[in-house]
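Chemist: File protein_28.cif follows (mmCIF, N, CA and C atoms):
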```cif
data_model
#
loop_
_atom_site.label_atom_id
_atom_site.label_comp_id
_atom_site.auth_asym_id
_atom_site.auth_seq_id
_atom_site.Cartn_x
_atom_site.Cartn_y
_atom_site.Cartn_z
N MET A 202 91.23 78.71 86.56
CA MET A 202 91.26 80.02 85.94
C MET A 202 91.84 81.03 86.92
N LEU A 203 92.80 81.82 86.48
CA LEU A 203 93.38 82.86 87.31
C LEU A 203 92.45 84.06 87.33
N ARG A 204 92.16 84.55 88.51
CA ARG A 204 91.32 85.74 88.63
C ARG A 204 92.03 86.80 89.45
N SER A 205 93.32 86.74 89.48
CA SER A 205 94.10 87.65 90.30
C SER A 205 95.21 88.27 89.46
N LEU A 206 95.38 89.56 89.60
CA LEU A 206 96.44 90.26 88.89
C LEU A 206 97.80 89.69 89.25
N VAL A 207 98.10 89.55 90.54
CA VAL A 207 99.41 89.01 90.91
C VAL A 207 99.51 87.53 90.60
N GLY A 208 98.39 86.82 90.59
CA GLY A 208 98.41 85.43 90.15
C GLY A 208 98.87 85.33 88.71
N TYR A 209 98.37 86.23 87.87
CA TYR A 209 98.79 86.25 86.48
C TYR A 209 100.25 86.69 86.36
N LEU A 210 100.63 87.74 87.08
CA LEU A 210 102.00 88.23 87.01
C LEU A 210 103.01 87.17 87.43
N SER A 211 102.62 86.29 88.34
CA SER A 211 103.54 85.25 88.79
C SER A 211 103.81 84.22 87.69
N TYR A 212 102.94 84.15 86.70
CA TYR A 212 103.11 83.26 85.54
C TYR A 212 103.70 83.97 84.32
N ALA A 213 103.39 85.25 84.18
CA ALA A 213 103.74 85.98 82.96
C ALA A 213 105.24 86.14 82.80
N PRO A 214 105.74 86.04 81.58
CA PRO A 214 107.16 86.30 81.33
C PRO A 214 107.52 87.73 81.71
N ASP A 215 108.77 87.94 82.13
CA ASP A 215 109.24 89.29 82.42
C ASP A 215 108.99 90.20 81.24
N ASP A 216 108.75 91.45 81.50
CA ASP A 216 108.53 92.47 80.49
C ASP A 216 107.24 92.27 79.69
N THR A 217 106.29 91.51 80.23
CA THR A 217 104.99 91.36 79.57
C THR A 217 104.21 92.66 79.62
N PHE A 218 104.30 93.37 80.74
CA PHE A 218 103.59 94.62 80.92
C PHE A 218 104.57 95.73 81.25
N GLU A 219 104.22 96.96 80.86
CA GLU A 219 105.05 98.11 81.19
C GLU A 219 104.67 98.69 82.54
N VAL A 220 103.38 98.74 82.87
CA VAL A 220 102.88 99.25 84.14
C VAL A 220 101.61 98.48 84.49
N GLY A 221 101.15 98.67 85.72
CA GLY A 221 99.91 98.05 86.15
C GLY A 221 99.17 98.97 87.11
N ALA A 222 97.88 98.74 87.27
CA ALA A 222 97.07 99.50 88.22
C ALA A 222 96.13 98.53 88.92
N ALA A 223 95.98 98.73 90.21
CA ALA A 223 95.12 97.86 91.01
C ALA A 223 94.29 98.73 91.95
N PHE A 224 93.03 98.39 92.06
CA PHE A 224 92.10 99.13 92.91
C PHE A 224 91.52 98.17 93.92
N CYS A 225 91.72 98.48 95.20
CA CYS A 225 91.18 97.65 96.29
C CYS A 225 91.68 96.21 96.16
N ALA A 226 92.96 96.07 95.88
CA ALA A 226 93.54 94.75 95.59
C ALA A 226 93.95 94.02 96.86
N TYR A 227 94.14 92.72 96.72
CA TYR A 227 94.61 91.88 97.82
C TYR A 227 95.29 90.66 97.23
N VAL A 228 96.06 89.98 98.07
CA VAL A 228 96.71 88.73 97.68
C VAL A 228 95.71 87.61 97.94
N PRO A 229 95.35 86.83 96.93
CA PRO A 229 94.39 85.74 97.16
C PRO A 229 94.99 84.68 98.07
N THR A 230 94.19 84.19 98.98
CA THR A 230 94.68 83.18 99.93
C THR A 230 93.84 81.91 99.92
N THR A 231 92.93 81.77 98.97
CA THR A 231 92.05 80.61 98.96
C THR A 231 92.71 79.36 98.39
N HIS A 232 93.87 79.51 97.79
CA HIS A 232 94.60 78.36 97.25
C HIS A 232 96.06 78.51 97.64
N GLU A 233 96.52 77.66 98.55
CA GLU A 233 97.88 77.79 99.08
C GLU A 233 98.95 77.74 98.00
N GLY A 234 98.75 76.94 96.97
CA GLY A 234 99.73 76.82 95.90
C GLY A 234 99.85 78.12 95.12
N VAL A 235 98.72 78.75 94.82
CA VAL A 235 98.74 80.02 94.09
C VAL A 235 99.38 81.10 94.96
N THR A 236 98.99 81.15 96.23
CA THR A 236 99.55 82.15 97.15
C THR A 236 101.07 81.98 97.26
N LYS A 237 101.55 80.76 97.37
CA LYS A 237 102.99 80.51 97.47
C LYS A 237 103.70 80.94 96.19
N ARG A 238 103.12 80.63 95.04
CA ARG A 238 103.74 81.03 93.77
C ARG A 238 103.83 82.55 93.66
N ILE A 239 102.79 83.25 94.09
CA ILE A 239 102.78 84.72 94.07
C ILE A 239 103.89 85.26 94.96
N GLU A 240 103.97 84.74 96.17
CA GLU A 240 104.97 85.21 97.13
C GLU A 240 106.39 84.85 96.68
N ASP A 241 106.57 83.67 96.10
CA ASP A 241 107.90 83.25 95.62
C ASP A 241 108.39 84.10 94.46
N ALA A 242 107.47 84.58 93.63
CA ALA A 242 107.87 85.39 92.47
C ALA A 242 108.13 86.85 92.84
N ALA A 243 107.71 87.26 94.01
CA ALA A 243 107.90 88.64 94.46
C ALA A 243 109.36 88.87 94.85
N PRO A 244 109.85 90.08 94.79
CA PRO A 244 109.10 91.28 94.44
C PRO A 244 109.00 91.44 92.92
N TYR A 245 107.91 92.05 92.49
CA TYR A 245 107.68 92.32 91.08
C TYR A 245 108.25 93.70 90.77
N ASP A 246 108.95 93.84 89.65
CA ASP A 246 109.57 95.13 89.36
C ASP A 246 108.78 95.97 88.36
N ILE A 247 107.54 95.62 88.11
CA ILE A 247 106.67 96.42 87.25
C ILE A 247 106.16 97.62 88.05
N PRO A 248 106.19 98.82 87.47
CA PRO A 248 105.59 99.96 88.16
C PRO A 248 104.09 99.69 88.38
N MET A 249 103.64 99.81 89.62
CA MET A 249 102.26 99.47 89.95
C MET A 249 101.60 100.60 90.73
N PHE A 250 100.43 101.03 90.26
CA PHE A 250 99.61 102.00 90.98
C PHE A 250 98.65 101.20 91.84
N VAL A 251 98.61 101.50 93.14
CA VAL A 251 97.74 100.77 94.07
C VAL A 251 96.85 101.79 94.79
N TYR A 252 95.57 101.65 94.57
CA TYR A 252 94.57 102.55 95.18
C TYR A 252 93.76 101.78 96.22
N MET A 253 93.44 102.48 97.31
CA MET A 253 92.54 101.88 98.30
C MET A 253 91.67 102.97 98.92
N GLY A 254 90.48 102.59 99.31
CA GLY A 254 89.57 103.47 100.02
C GLY A 254 89.55 103.08 101.48
N GLN A 255 89.69 104.05 102.35
CA GLN A 255 89.72 103.73 103.79
C GLN A 255 88.37 103.23 104.30
N GLN A 256 87.31 103.43 103.54
CA GLN A 256 85.99 102.94 103.93
C GLN A 256 85.62 101.65 103.18
N ASP A 257 86.61 100.97 102.62
CA ASP A 257 86.36 99.71 101.90
C ASP A 257 85.86 98.68 102.89
N TRP A 258 84.67 98.18 102.69
CA TRP A 258 84.05 97.22 103.58
C TRP A 258 84.28 95.77 103.12
N ILE A 259 84.96 95.59 102.00
CA ILE A 259 85.21 94.25 101.47
C ILE A 259 86.68 93.85 101.61
N VAL A 260 87.59 94.71 101.17
CA VAL A 260 89.04 94.45 101.24
C VAL A 260 89.62 95.51 102.17
N ASP A 261 90.08 95.08 103.35
CA ASP A 261 90.60 96.09 104.27
C ASP A 261 91.96 96.59 103.81
N ASN A 262 92.35 97.74 104.31
CA ASN A 262 93.56 98.40 103.86
C ASN A 262 94.82 97.61 104.17
N CYS A 263 94.82 96.81 105.22
CA CYS A 263 95.97 95.95 105.51
C CYS A 263 96.18 94.96 104.37
N MET A 264 95.09 94.43 103.83
CA MET A 264 95.19 93.49 102.71
C MET A 264 95.74 94.19 101.47
N THR A 265 95.31 95.43 101.21
CA THR A 265 95.81 96.16 100.05
C THR A 265 97.27 96.54 100.24
N ASN A 266 97.66 96.90 101.44
CA ASN A 266 99.07 97.20 101.71
C ASN A 266 99.94 95.96 101.53
N GLU A 267 99.44 94.79 101.92
CA GLU A 267 100.16 93.54 101.69
C GLU A 267 100.37 93.31 100.20
N PHE A 268 99.34 93.59 99.40
CA PHE A 268 99.45 93.49 97.95
C PHE A 268 100.51 94.45 97.43
N ALA A 269 100.46 95.72 97.86
CA ALA A 269 101.41 96.74 97.39
C ALA A 269 102.84 96.36 97.73
N ASN A 270 103.04 95.70 98.85
CA ASN A 270 104.39 95.32 99.27
C ASN A 270 105.01 94.24 98.39
N LEU A 271 104.25 93.65 97.48
CA LEU A 271 104.79 92.67 96.55
C LEU A 271 105.59 93.34 95.43
N PHE A 272 105.51 94.66 95.31
CA PHE A 272 106.13 95.39 94.21
C PHE A 272 107.31 96.21 94.72
N ASP A 273 108.33 96.32 93.85
CA ASP A 273 109.53 97.07 94.22
C ASP A 273 109.23 98.53 94.54
N THR A 274 108.47 99.18 93.68
CA THR A 274 108.21 100.62 93.83
C THR A 274 106.76 100.94 93.52
N PRO A 275 105.84 100.54 94.39
CA PRO A 275 104.44 100.85 94.13
C PRO A 275 104.17 102.34 94.34
N THR A 276 103.24 102.85 93.57
CA THR A 276 102.70 104.19 93.80
C THR A 276 101.36 103.97 94.48
N ARG A 277 101.22 104.50 95.67
CA ARG A 277 100.00 104.27 96.45
C ARG A 277 99.17 105.55 96.53
N ALA A 278 97.87 105.38 96.55
CA ALA A 278 96.94 106.48 96.78
C ALA A 278 95.80 105.96 97.63
N THR A 279 95.47 106.72 98.65
CA THR A 279 94.40 106.33 99.57
C THR A 279 93.38 107.45 99.65
N ASN A 280 92.13 107.06 99.50
CA ASN A 280 91.02 108.01 99.61
C ASN A 280 90.34 107.76 100.95
N ALA A 281 90.40 108.75 101.85
CA ALA A 281 89.80 108.61 103.18
C ALA A 281 88.30 108.36 103.10
N ASP A 282 87.65 108.87 102.06
CA ASP A 282 86.20 108.70 101.91
C ASP A 282 85.84 107.56 100.97
N GLY A 283 86.84 106.95 100.34
CA GLY A 283 86.59 105.92 99.34
C GLY A 283 86.18 104.59 99.93
N GLY A 284 85.39 103.86 99.18
CA GLY A 284 84.96 102.52 99.58
C GLY A 284 85.62 101.49 98.68
N HIS A 285 84.89 100.46 98.33
CA HIS A 285 85.39 99.40 97.46
C HIS A 285 85.06 99.77 96.03
N ASP A 286 85.78 100.76 95.51
CA ASP A 286 85.48 101.33 94.21
C ASP A 286 86.76 101.67 93.46
N VAL A 287 86.62 101.86 92.15
CA VAL A 287 87.68 102.45 91.34
C VAL A 287 87.59 103.96 91.57
N VAL A 288 88.73 104.61 91.74
CA VAL A 288 88.75 106.04 92.01
C VAL A 288 88.07 106.81 90.88
N GLN A 289 87.31 107.83 91.24
CA GLN A 289 86.57 108.64 90.28
C GLN A 289 87.15 110.04 90.19
N LYS A 290 86.91 110.71 89.07
CA LYS A 290 87.37 112.08 88.87
C LYS A 290 86.89 112.95 90.04
N GLY A 291 87.81 113.74 90.56
CA GLY A 291 87.49 114.62 91.68
C GLY A 291 87.76 114.02 93.05
N GLU A 292 87.98 112.72 93.11
CA GLU A 292 88.26 112.06 94.38
C GLU A 292 89.76 112.02 94.65
N ARG A 293 90.12 111.91 95.92
CA ARG A 293 91.53 111.75 96.31
C ARG A 293 92.05 110.49 95.66
N GLY A 294 93.15 110.60 94.96
CA GLY A 294 93.76 109.47 94.27
C GLY A 294 93.62 109.54 92.76
N PHE A 295 92.64 110.30 92.27
CA PHE A 295 92.42 110.37 90.82
C PHE A 295 93.58 111.07 90.12
N GLU A 296 93.99 112.22 90.63
CA GLU A 296 95.10 112.95 90.01
C GLU A 296 96.39 112.14 90.09
N GLU A 297 96.60 111.44 91.21
CA GLU A 297 97.77 110.57 91.36
C GLU A 297 97.75 109.46 90.31
N PHE A 298 96.56 108.93 90.04
CA PHE A 298 96.40 107.89 89.03
C PHE A 298 96.75 108.43 87.64
N LEU A 299 96.25 109.63 87.30
CA LEU A 299 96.56 110.23 86.00
C LEU A 299 98.05 110.51 85.87
N THR A 300 98.65 111.02 86.94
CA THR A 300 100.09 111.29 86.91
C THR A 300 100.86 110.00 86.67
N PHE A 301 100.46 108.93 87.35
CA PHE A 301 101.10 107.63 87.18
C PHE A 301 100.96 107.14 85.74
N LEU A 302 99.75 107.22 85.18
CA LEU A 302 99.50 106.72 83.83
C LEU A 302 100.27 107.48 82.76
N THR A 303 100.46 108.77 82.96
CA THR A 303 101.11 109.59 81.93
C THR A 303 102.61 109.74 82.17
N ALA A 304 103.12 109.19 83.25
CA ALA A 304 104.54 109.33 83.58
C ALA A 304 105.40 108.45 82.68
N ASP A 305 106.65 108.86 82.54
CA ASP A 305 107.64 108.05 81.83
C ASP A 305 108.26 107.10 82.85
N HIS A 306 107.89 105.83 82.76
CA HIS A 306 108.40 104.83 83.70
C HIS A 306 109.64 104.13 83.17
N GLY A 307 110.22 104.69 82.11
CA GLY A 307 111.38 104.08 81.46
C GLY A 307 112.65 104.19 82.29
N GLU A 308 113.71 103.85 81.65
CA GLU A 308 115.02 103.80 82.29
C GLU A 308 115.57 105.16 82.69
N ASP A 309 114.98 106.24 82.17
CA ASP A 309 115.55 107.56 82.45
C ASP A 309 115.29 108.03 83.88
N GLY A 310 114.41 107.35 84.59
CA GLY A 310 114.17 107.67 85.99
C GLY A 310 113.43 108.96 86.22
N SER A 311 112.66 109.42 85.24
CA SER A 311 111.96 110.68 85.39
C SER A 311 110.76 110.59 86.33
N TYR A 312 110.31 109.38 86.63
CA TYR A 312 109.18 109.21 87.55
C TYR A 312 109.68 108.54 88.82
N THR A 313 109.38 109.16 89.93
CA THR A 313 109.72 108.57 91.23
C THR A 313 108.42 108.45 92.02
N PRO A 314 108.06 107.26 92.45
CA PRO A 314 106.83 107.12 93.23
C PRO A 314 106.90 107.94 94.51
N PRO A 315 105.81 108.59 94.89
CA PRO A 315 105.82 109.32 96.14
C PRO A 315 105.93 108.37 97.32
N ALA A 316 106.49 108.86 98.41
CA ALA A 316 106.60 108.04 99.63
C ALA A 316 105.18 107.73 100.14
N PRO A 317 104.98 106.53 100.65
CA PRO A 317 103.66 106.21 101.18
C PRO A 317 103.35 107.03 102.43
N ALA A 318 102.08 107.27 102.63
CA ALA A 318 101.62 107.93 103.85
C ALA A 318 101.82 106.96 105.02
N PRO A 319 101.82 107.45 106.25
CA PRO A 319 102.06 106.56 107.41
C PRO A 319 101.11 105.37 107.50
N TYR A 320 99.89 105.51 106.98
CA TYR A 320 98.91 104.41 107.06
C TYR A 320 98.95 103.50 105.84
N GLU A 321 99.85 103.78 104.90
CA GLU A 321 99.94 102.95 103.69
C GLU A 321 101.08 101.96 103.82
#
```
Would you write out, as structure tokens, the structure that this file holds?
Modeler:
Amino acid sequence: MLRSLVGYLSYAPDDTFEVGAAFCAYVPTTHEGVTKRIEDAAPYDIPMFVYMGQQDWIVDNCMTNEFANLFDTPTRATNADGGHDVVQKGERGFEEFLTFLTADHGEDGSYTPPAPAPYE
């Protein structure tokens, strides 16, 4: 059973999804075959929102940055006070998430992901 977003994306036909969002994500490494398939299918050209909390005690930020690097144009948001959680209203990253969700990711190019911060 696949329990990984990028594991699924590595199998899914192109254009299955219009956008994606990941919170405290990482590339699974417990199965070498799955990890290789994920890496071989990269880079993924789906617009992807990637959130991480700098206080995440389960998935460190290096792991989340490795995940984000699998995508052509990820939109990243980092909450300095965030842990291993989905971003909540009022927290750093929430407005970025809403902007990403409501943006036109179509061919017209009206949405451009912001440049990552130095630690992203």
Chemist: Could you check which of A:Ile247, A:Asp286, A:Asn262, A:Ile239 is closest to Phe224 in chain A, using all atoms listed in the file?
Modeler: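 For Phe224 in chain A, the nearest of the candidates is A:Asp286.
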Chemist: Applying the PyMOL selection byres ((chain A and resi 251) around 7) to the file I just gave you, which residues come out? Please list them as an NGL selection string.
Modeler: :A and (221-226 or 249-250 or 252-253 or 269 or 275-279)
Chemist: What is the distance between CA of Ala318 in chain A and atom N of Pro248 in chain A, in Å to one decimal?
Modeler: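 Result for CA of Ala318 in chain A versus atom N of Pro248 in chain A: 19.3 Å, one decimal.
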Chemist: How many Å lie between CA of Glu233 in chain A and CA of Val287 in chain A, rounded to one decimal?
Modeler: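 So the two atoms, CA of Glu233 in chain A and CA of Val287 in chain A, lie 27.8 Å apart.
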Chemist: Could you pull out the residues in chain A that DSSP calls helix (DSSP H, G or I) from the backbone, as JSON, numbers by chain?
Modeler: {"A": [206, 207, 208, 209, 210, 233, 234, 235, 236, 237, 238, 239, 240, 241, 242, 262, 263, 264, 265, 266, 267, 268, 269, 295, 296, 297, 298, 299, 300, 301, 302, 303]}
Chemist: With N, CA and C atoms retained, could you export that selection as a tab-separated table (two decimals), in the frame of the given file?
Modeler:
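For reference, out.tsv as written:
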```tsv
chain	number	residue	atom	x	y	z
A	206	LEU	N	95.38	89.56	89.60
A	206	LEU	CA	96.44	90.26	88.89
A	206	LEU	C	97.80	89.69	89.25
A	207	VAL	N	98.10	89.55	90.54
A	207	VAL	CA	99.41	89.01	90.91
A	207	VAL	C	99.51	87.53	90.60
A	208	GLY	N	98.39	86.82	90.59
A	208	GLY	CA	98.41	85.43	90.15
A	208	GLY	C	98.87	85.33	88.71
A	209	TYR	N	98.37	86.23	87.87
A	209	TYR	CA	98.79	86.25	86.48
A	209	TYR	C	100.25	86.69	86.36
A	210	LEU	N	100.63	87.74	87.08
A	210	LEU	CA	102.00	88.23	87.01
A	210	LEU	C	103.01	87.17	87.43
A	233	GLU	N	96.52	77.66	98.55
A	233	GLU	CA	97.88	77.79	99.08
A	233	GLU	C	98.95	77.74	98.00
A	234	GLY	N	98.75	76.94	96.97
A	234	GLY	CA	99.73	76.82	95.90
A	234	GLY	C	99.85	78.12	95.12
A	235	VAL	N	98.72	78.75	94.82
A	235	VAL	CA	98.74	80.02	94.09
A	235	VAL	C	99.38	81.10	94.96
A	236	THR	N	98.99	81.15	96.23
A	236	THR	CA	99.55	82.15	97.15
A	236	THR	C	101.07	81.98	97.26
A	237	LYS	N	101.55	80.76	97.37
A	237	LYS	CA	102.99	80.51	97.47
A	237	LYS	C	103.70	80.94	96.19
A	238	ARG	N	103.12	80.63	95.04
A	238	ARG	CA	103.74	81.03	93.77
A	238	ARG	C	103.83	82.55	93.66
A	239	ILE	N	102.79	83.25	94.09
A	239	ILE	CA	102.78	84.72	94.07
A	239	ILE	C	103.89	85.26	94.96
A	240	GLU	N	103.97	84.74	96.17
A	240	GLU	CA	104.97	85.21	97.13
A	240	GLU	C	106.39	84.85	96.68
A	241	ASP	N	106.57	83.67	96.10
A	241	ASP	CA	107.90	83.25	95.62
A	241	ASP	C	108.39	84.10	94.46
A	242	ALA	N	107.47	84.58	93.63
A	242	ALA	CA	107.87	85.39	92.47
A	242	ALA	C	108.13	86.85	92.84
A	262	ASN	N	92.35	97.74	104.31
A	262	ASN	CA	93.56	98.40	103.86
A	262	ASN	C	94.82	97.61	104.17
A	263	CYS	N	94.82	96.81	105.22
A	263	CYS	CA	95.97	95.95	105.51
A	263	CYS	C	96.18	94.96	104.37
A	264	MET	N	95.09	94.43	103.83
A	264	MET	CA	95.19	93.49	102.71
A	264	MET	C	95.74	94.19	101.47
A	265	THR	N	95.31	95.43	101.21
A	265	THR	CA	95.81	96.16	100.05
A	265	THR	C	97.27	96.54	100.24
A	266	ASN	N	97.66	96.90	101.44
A	266	ASN	CA	99.07	97.20	101.71
A	266	ASN	C	99.94	95.96	101.53
A	267	GLU	N	99.44	94.79	101.92
A	267	GLU	CA	100.16	93.54	101.69
A	267	GLU	C	100.37	93.31	100.20
A	268	PHE	N	99.34	93.59	99.40
A	268	PHE	CA	99.45	93.49	97.95
A	268	PHE	C	100.51	94.45	97.43
A	269	ALA	N	100.46	95.72	97.86
A	269	ALA	CA	101.41	96.74	97.39
A	269	ALA	C	102.84	96.36	97.73
A	295	PHE	N	92.64	110.30	92.27
A	295	PHE	CA	92.42	110.37	90.82
A	295	PHE	C	93.58	111.07	90.12
A	296	GLU	N	93.99	112.22	90.63
A	296	GLU	CA	95.10	112.95	90.01
A	296	GLU	C	96.39	112.14	90.09
A	297	GLU	N	96.60	111.44	91.21
A	297	GLU	CA	97.77	110.57	91.36
A	297	GLU	C	97.75	109.46	90.31
A	298	PHE	N	96.56	108.93	90.04
A	298	PHE	CA	96.40	107.89	89.03
A	298	PHE	C	96.75	108.43	87.64
A	299	LEU	N	96.25	109.63	87.30
A	299	LEU	CA	96.56	110.23	86.00
A	299	LEU	C	98.05	110.51	85.87
A	300	THR	N	98.65	111.02	86.94
A	300	THR	CA	100.09	111.29	86.91
A	300	THR	C	100.86	110.00	86.67
A	301	PHE	N	100.46	108.93	87.35
A	301	PHE	CA	101.10	107.63	87.18
A	301	PHE	C	100.96	107.14	85.74
A	302	LEU	N	99.75	107.22	85.18
A	302	LEU	CA	99.50	106.72	83.83
A	302	LEU	C	100.27	107.48	82.76
A	303	THR	N	100.46	108.77	82.96
A	303	THR	CA	101.11	109.59	81.93
A	303	THR	C	102.61	109.74	82.17
```
Chemist: Counting only N, CA and C atoms, which of A:Asn280, A:Thr230, A:Ser205, A:Ser211 gets nearest to Gly254 in chain A?
Modeler: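 Result for the nearest residue to Gly254 in chain A: A:Asn280.
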Chemist: Between A:Glu297, A:Asp305, A:Glu321, A:Pro314, single out the one closest to Asp261 in chain A, counting only C-alpha atoms.
Modeler: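 Counting only C-alpha atoms, the residue closest to Asp261 in chain A is A:Glu321.
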Chemist: Quick check, in Å to one decimal: how far apart do CA of Val228 in chain A and CA of Gln255 in chain A lie?
Modeler: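 Separation of CA of Val228 in chain A and CA of Gln255 in chain A: 17.6 Å.
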Chemist: Around (113.2, 87.1, 91.6), as given in the file, which residues come within 12 Å? Count only C-alpha atoms and list them as a ChimeraX atom specification.
Modeler: /A:211,214-215,238-246,271-273
Chemist: Quick one: pick out all strand (DSSP E or B) residues within chain A from a backbone DSSP run and write them as a list of chain:residue names.
Modeler: A:Gly221, A:Ala222, A:Ala223, A:Phe224, A:Tyr245, A:Met249, A:Phe250, A:Val251, A:Tyr252, A:Met253, A:Gly254, A:Phe272, A:Thr276, A:Arg277, A:Ala278, A:Thr279, A:Asn280
Chemist: Using all atoms listed in the file, find the one residue out of A:Gly283, A:Val220, A:Leu206, A:Glu292 that sits nearest to His306 in chain A.
Modeler: A:Val220
Chemist: For Val235 in chain A, which residue out of A:Asp257, A:Thr265, A:Val207, A:Thr217 is the nearest one, using only C-alpha atoms?
Modeler: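 Among A:Asp257, A:Thr265, A:Val207, A:Thr217, it is A:Val207 that comes nearest to Val235 in chain A.
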Chemist: If you take every atom of range 217-228 of chain A that the file lists and fit an axis-aligned box around them with 8 Å extra on each side, what centre and edge lengths come out in Å to one decimal, as JSON?
Modeler:
```
{"center_x": 98.7, "center_y": 93.6, "center_z": 88.8, "size_x": 31.1, "size_y": 27.9, "size_z": 34.5}
```
